[in-house]
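Coordinates as given in entry_37.txt (compact mmCIF, C-alpha atoms):
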```
# COMPACT_ATOMS: atom_id res chain seq x y z
CA MET A 940 -6.45 -65.02 24.05
CA ALA A 941 -6.92 -62.64 21.22
CA ALA A 942 -6.66 -63.95 17.73
CA ARG A 943 -3.97 -62.49 15.60
CA LYS A 944 -4.77 -61.21 12.16
CA LYS A 945 -2.88 -62.64 9.26
CA ALA A 946 -0.55 -60.15 7.64
CA LYS A 947 -1.41 -59.52 4.04
CA ILE A 948 1.34 -60.17 1.62
CA LYS A 949 1.85 -57.49 -0.98
CA VAL A 950 2.43 -58.76 -4.46
CA LYS A 951 4.59 -56.73 -6.79
CA ARG A 952 3.25 -56.32 -10.27
CA LYS A 953 5.49 -57.11 -13.14
CA LYS A 954 6.30 -54.29 -15.50
CA ALA A 955 4.84 -54.49 -18.97
CA PRO A 956 7.42 -55.17 -21.65
CA ALA A 957 8.60 -52.09 -23.54
CA ARG A 958 6.83 -51.53 -26.81
CA LYS A 959 8.44 -50.64 -30.05
CA PRO A 960 8.18 -46.91 -30.76
CA ALA A 961 5.72 -46.10 -33.50
CA THR A 962 7.47 -45.41 -36.75
CA ARG A 963 6.32 -42.67 -39.04
CA LYS A 964 5.55 -43.37 -42.58
CA LYS A 965 7.98 -41.80 -44.94
CA VAL A 966 6.30 -39.33 -47.24
CA ALA A 967 7.90 -38.19 -50.42
CA ARG A 968 8.87 -34.55 -50.07
CA LYS A 969 7.90 -32.06 -52.69
CA LYS A 970 10.61 -30.04 -54.28
CA PRO A 971 10.65 -26.43 -53.07
CA VAL A 972 9.18 -23.99 -55.54
CA VAL A 973 11.80 -21.60 -56.83
CA ARG A 974 10.44 -18.09 -57.11
CA ARG A 975 11.99 -15.66 -59.42
CA ALA A 976 12.39 -12.05 -58.40
CA ALA A 977 10.23 -9.61 -60.28
CA PRO A 978 12.17 -7.37 -62.63
CA LYS A 979 13.06 -4.08 -61.00
CA LYS A 980 11.48 -0.97 -62.38
CA LYS A 981 13.70 1.93 -63.19
CA ALA A 982 13.04 5.04 -61.17
CA ALA A 983 11.54 7.84 -63.17
CA ALA A 984 13.50 11.05 -63.19
CA ARG A 985 11.90 13.47 -60.76
CA PRO A 986 12.14 17.20 -61.14
CA SER A 987 14.04 18.98 -58.38
CA PRO A 988 11.79 20.53 -55.74
CA LYS A 989 11.20 24.21 -56.25
CA ALA A 990 11.29 26.68 -53.42
CA ARG A 991 7.71 27.52 -52.53
CA PRO A 992 6.75 30.63 -50.61
CA ALA A 993 5.51 29.89 -47.10
CA ARG A 994 1.75 30.01 -46.92
CA THR A 995 0.17 31.71 -43.98
CA LEU A 996 -3.39 30.96 -43.10
CA PRO A 997 -5.61 33.99 -42.80
CA ARG A 998 -6.78 34.62 -39.23
CA PRO A 999 -10.42 35.25 -38.60
CA ALA A 1000 -11.25 38.74 -37.43
CA GLY A 1001 -11.02 39.15 -33.66
CA ALA A 1002 -8.73 36.13 -33.16
CA ALA A 1003 -6.29 36.60 -30.31
CA VAL A 1004 -2.55 36.48 -30.88
CA PRO A 1005 -0.92 33.72 -28.77
CA ALA A 1006 0.41 35.07 -25.49
CA LYS A 1007 4.13 35.26 -24.77
CA ALA A 1008 5.70 33.17 -22.05
CA PRO A 1009 4.74 34.58 -18.66
CA GLY A 1010 7.30 36.80 -17.00
CA PRO A 1011 7.67 39.02 -13.98
CA LEU A 1012 5.16 41.78 -13.41
CA ALA A 1013 5.92 45.26 -12.18
CA GLY A 1014 6.90 45.18 -8.53
CA GLU A 1015 8.48 41.71 -8.72
CA ALA A 1016 12.20 41.27 -8.20
CA ARG A 1017 14.07 38.09 -9.20
CA VAL A 1018 15.56 36.50 -6.11
CA GLY A 1019 16.52 32.97 -7.16
CA THR A 1020 16.27 29.85 -9.31
CA VAL A 1021 14.78 26.40 -8.69
CA THR A 1022 17.65 23.88 -8.79
CA HIS A 1023 15.68 20.72 -7.95
CA TYR A 1024 12.11 19.58 -7.26
CA TYR A 1025 11.05 16.69 -5.02
CA GLY A 1026 7.61 15.65 -6.26
CA HIS A 1027 6.81 13.23 -3.43
CA LEU A 1028 7.41 16.03 -0.90
CA SER A 1029 6.21 19.00 -3.00
CA VAL A 1030 9.46 20.75 -2.14
CA ALA A 1031 11.53 22.94 -4.47
CA VAL A 1032 15.22 23.54 -3.79
CA VAL A 1033 15.95 27.21 -4.51
CA GLN A 1034 19.33 28.94 -4.88
CA LEU A 1035 18.97 32.53 -3.66
CA GLU A 1036 20.79 34.90 -6.04
CA SER A 1037 19.84 38.32 -4.71
CA GLY A 1038 17.94 39.93 -1.85
CA SER A 1039 16.48 37.98 1.03
CA LEU A 1040 13.38 35.88 1.59
CA SER A 1041 11.50 35.25 4.79
CA VAL A 1042 8.45 33.27 5.91
CA GLY A 1043 5.29 35.19 5.07
CA ASP A 1044 6.64 36.77 1.85
CA THR A 1045 4.75 36.22 -1.39
CA ILE A 1046 6.71 34.66 -4.27
CA HIS A 1047 6.02 34.08 -7.97
CA VAL A 1048 7.48 30.92 -9.52
CA CYS A 1049 7.70 31.32 -13.28
CA GLY A 1050 9.04 28.96 -15.97
CA TYR A 1051 8.20 27.47 -19.35
CA THR A 1052 5.27 25.43 -18.03
CA SER A 1053 4.85 26.61 -14.45
CA ASP A 1054 3.47 29.96 -13.36
CA PHE A 1055 2.03 30.37 -9.87
CA ARG A 1056 2.10 32.65 -6.85
CA GLN A 1057 2.12 31.56 -3.24
CA ARG A 1058 2.92 32.70 0.26
CA VAL A 1059 6.09 31.26 1.81
CA GLU A 1060 4.92 28.91 4.57
CA SER A 1061 7.96 26.73 5.28
CA MET A 1062 11.71 26.88 4.49
CA GLN A 1063 14.52 24.56 5.54
CA ILE A 1064 18.30 24.52 5.24
CA GLU A 1065 19.86 21.08 5.78
CA HIS A 1066 16.59 19.79 7.33
CA GLN A 1067 16.54 22.62 9.88
CA PRO A 1068 13.61 25.07 9.71
CA VAL A 1069 14.62 28.69 9.06
CA PHE A 1070 12.62 31.91 8.96
CA GLU A 1071 14.88 33.95 6.69
CA VAL A 1072 17.47 33.20 3.99
CA ARG A 1073 20.17 35.43 2.50
CA VAL A 1074 22.06 35.64 -0.81
CA GLY A 1075 24.01 32.51 -1.81
CA GLN A 1076 22.07 30.09 0.38
CA GLU A 1077 20.32 27.03 -1.04
CA PHE A 1078 17.15 26.07 0.79
CA GLY A 1079 14.12 23.81 0.54
CA LEU A 1080 10.79 25.52 0.01
CA ARG A 1081 7.37 23.87 0.36
CA VAL A 1082 5.39 24.74 -2.80
CA THR A 1083 1.71 24.44 -3.69
CA GLU A 1084 2.19 23.47 -7.35
CA HIS A 1085 4.75 21.60 -9.44
CA ALA A 1086 7.96 23.58 -9.96
CA ARG A 1087 10.61 22.62 -12.47
CA GLU A 1088 14.37 23.03 -12.55
CA GLN A 1089 15.53 26.38 -13.95
CA ASP A 1090 12.24 28.09 -13.02
CA ALA A 1091 12.77 31.66 -11.85
CA VAL A 1092 11.61 32.73 -8.38
CA TYR A 1093 10.45 36.34 -7.97
CA LYS A 1094 9.67 38.13 -4.72
CA VAL A 1095 6.42 40.07 -4.96
CA SER A 1096 6.64 43.46 -3.30
CA SER A 1097 4.30 44.03 -0.34
CA LEU A 1098 2.30 46.58 -2.35
CA LEU A 1099 0.98 43.92 -4.78
CA SER A 1100 0.38 41.10 -2.34
```
Could I get this structure in the form of structure tokens?
Amino acid sequence: MAARKKAKIKVKRKKAPARKPATRKKVARKKPVVRRAAPKKKAAARPSPKARPARTLPRPAGAAVPAKAPGPLAGEARVGTVTHYYGHLSVAVVQLESGSLSVGDTIHVCGYTSDFRQRVESMQIEHQPVFEVRVGQEFGLRVTEHAREQDAVYKVSSLLS
């Protein structure tokens, strides 16, 4: 017969008695130092500013005059305006104001900071591809560069493209 092992008895330890919390020594507090405000100085009377003539810096000889904002060239007719731009798609929404526009035409997008020409590759109205748009229609146009709202869209005549 196999010998049985004796079961070990677990003994619970007694908890240590709670100690008294350490008390801090009381230190005499110093009285706060009272600072007096410095006497305010009186503002000296200033003479009123005189109107000075505007000074213009002399330009060196041969310096170019800054160019005006780009605009349409001869042979370009305004056909519409950019109403919205979707950066993640590189698509400009254009409202056609005059004329017509079809795939293969060359356009010039011109605004305060944008100025580029491109060939019309893709146009859509309500997610449906179209090949030609007429006056009053709003359509999506795939663009090569960033276009901004209120940029003007010009159709370049076939003689210049």
Find the smallest box with edges along x, y and z containing every listed atom of range 1045-1063 of chain A, then add 6 Å on each side and report centre and edge lengths in Å to one decimal, as lines of an AutoDock Vina configuration file.
```
center_x = 8.3
center_y = 30.4
center_z = -6.9
size_x = 24.5
size_y = 23.7
size_z = 36.9
```
Quiz item: Residues at most 10 Å from Ser1096 in chain A, counting all atoms listed in the file, excluding those fewer than 5 positions away in the same chain, as a VMD selection string?
Solution: chain A and resid 1013 to 1016 1044 to 1046
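With all atoms listed in the file as the atoms that count, the residue of A:Val1018, A:Ala1031, A:Val1048, A:Val1082 with the shortest distance to Glu1060 in chain A is A:Val1082.
Note that the spacing between CA of Pro1011 in chain A and CA of Glu1065 in chain A amounts to 29.3 Å.
Residues within 12 Å of His1066 in chain A, counting only C-alpha atoms and excluding same-chain residues fewer than 2 positions away, are Val1030, Val1032, Ser1061, Met1062, Gln1063, Ile1064, Pro1068, Val1069, Glu1077, Phe1078, Gly1079 and Leu1080 of chain A.
For the residues A:Glu1036, A:Thr1052, A:Gln1057, A:Lys959, ranking by smallest atom-to-atom distance to Val1095 in chain A using only C-alpha atoms places A:Gln1057 first.
One finds CA of Tyr1025 in chain A at 27.1 Å from CA of Leu1012 in chain A.
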Quiz item: What does the distance from CA of Tyr1024 in chain A to CA of Val1074 in chain A come to in Å, to one decimal?
Solution: 20.0 Å
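The shell of residues at most 7 Å from Arg1073 in chain A, with all atoms listed in the file counted and near chain neighbours (fewer than 2 positions) removed, consists of Leu1035, Gly1038, Ser1039, Leu1040, Glu1071, Gly1075 and Gln1076 of chain A.
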Self-check item: Near-Val1021 in chain A list (6 Å; only C-alpha atoms; drop same-chain fewer than 5 positions) as JSON, numbers by chain
Solution: {"A": [1032, 1033, 1088, 1089, 1090]}
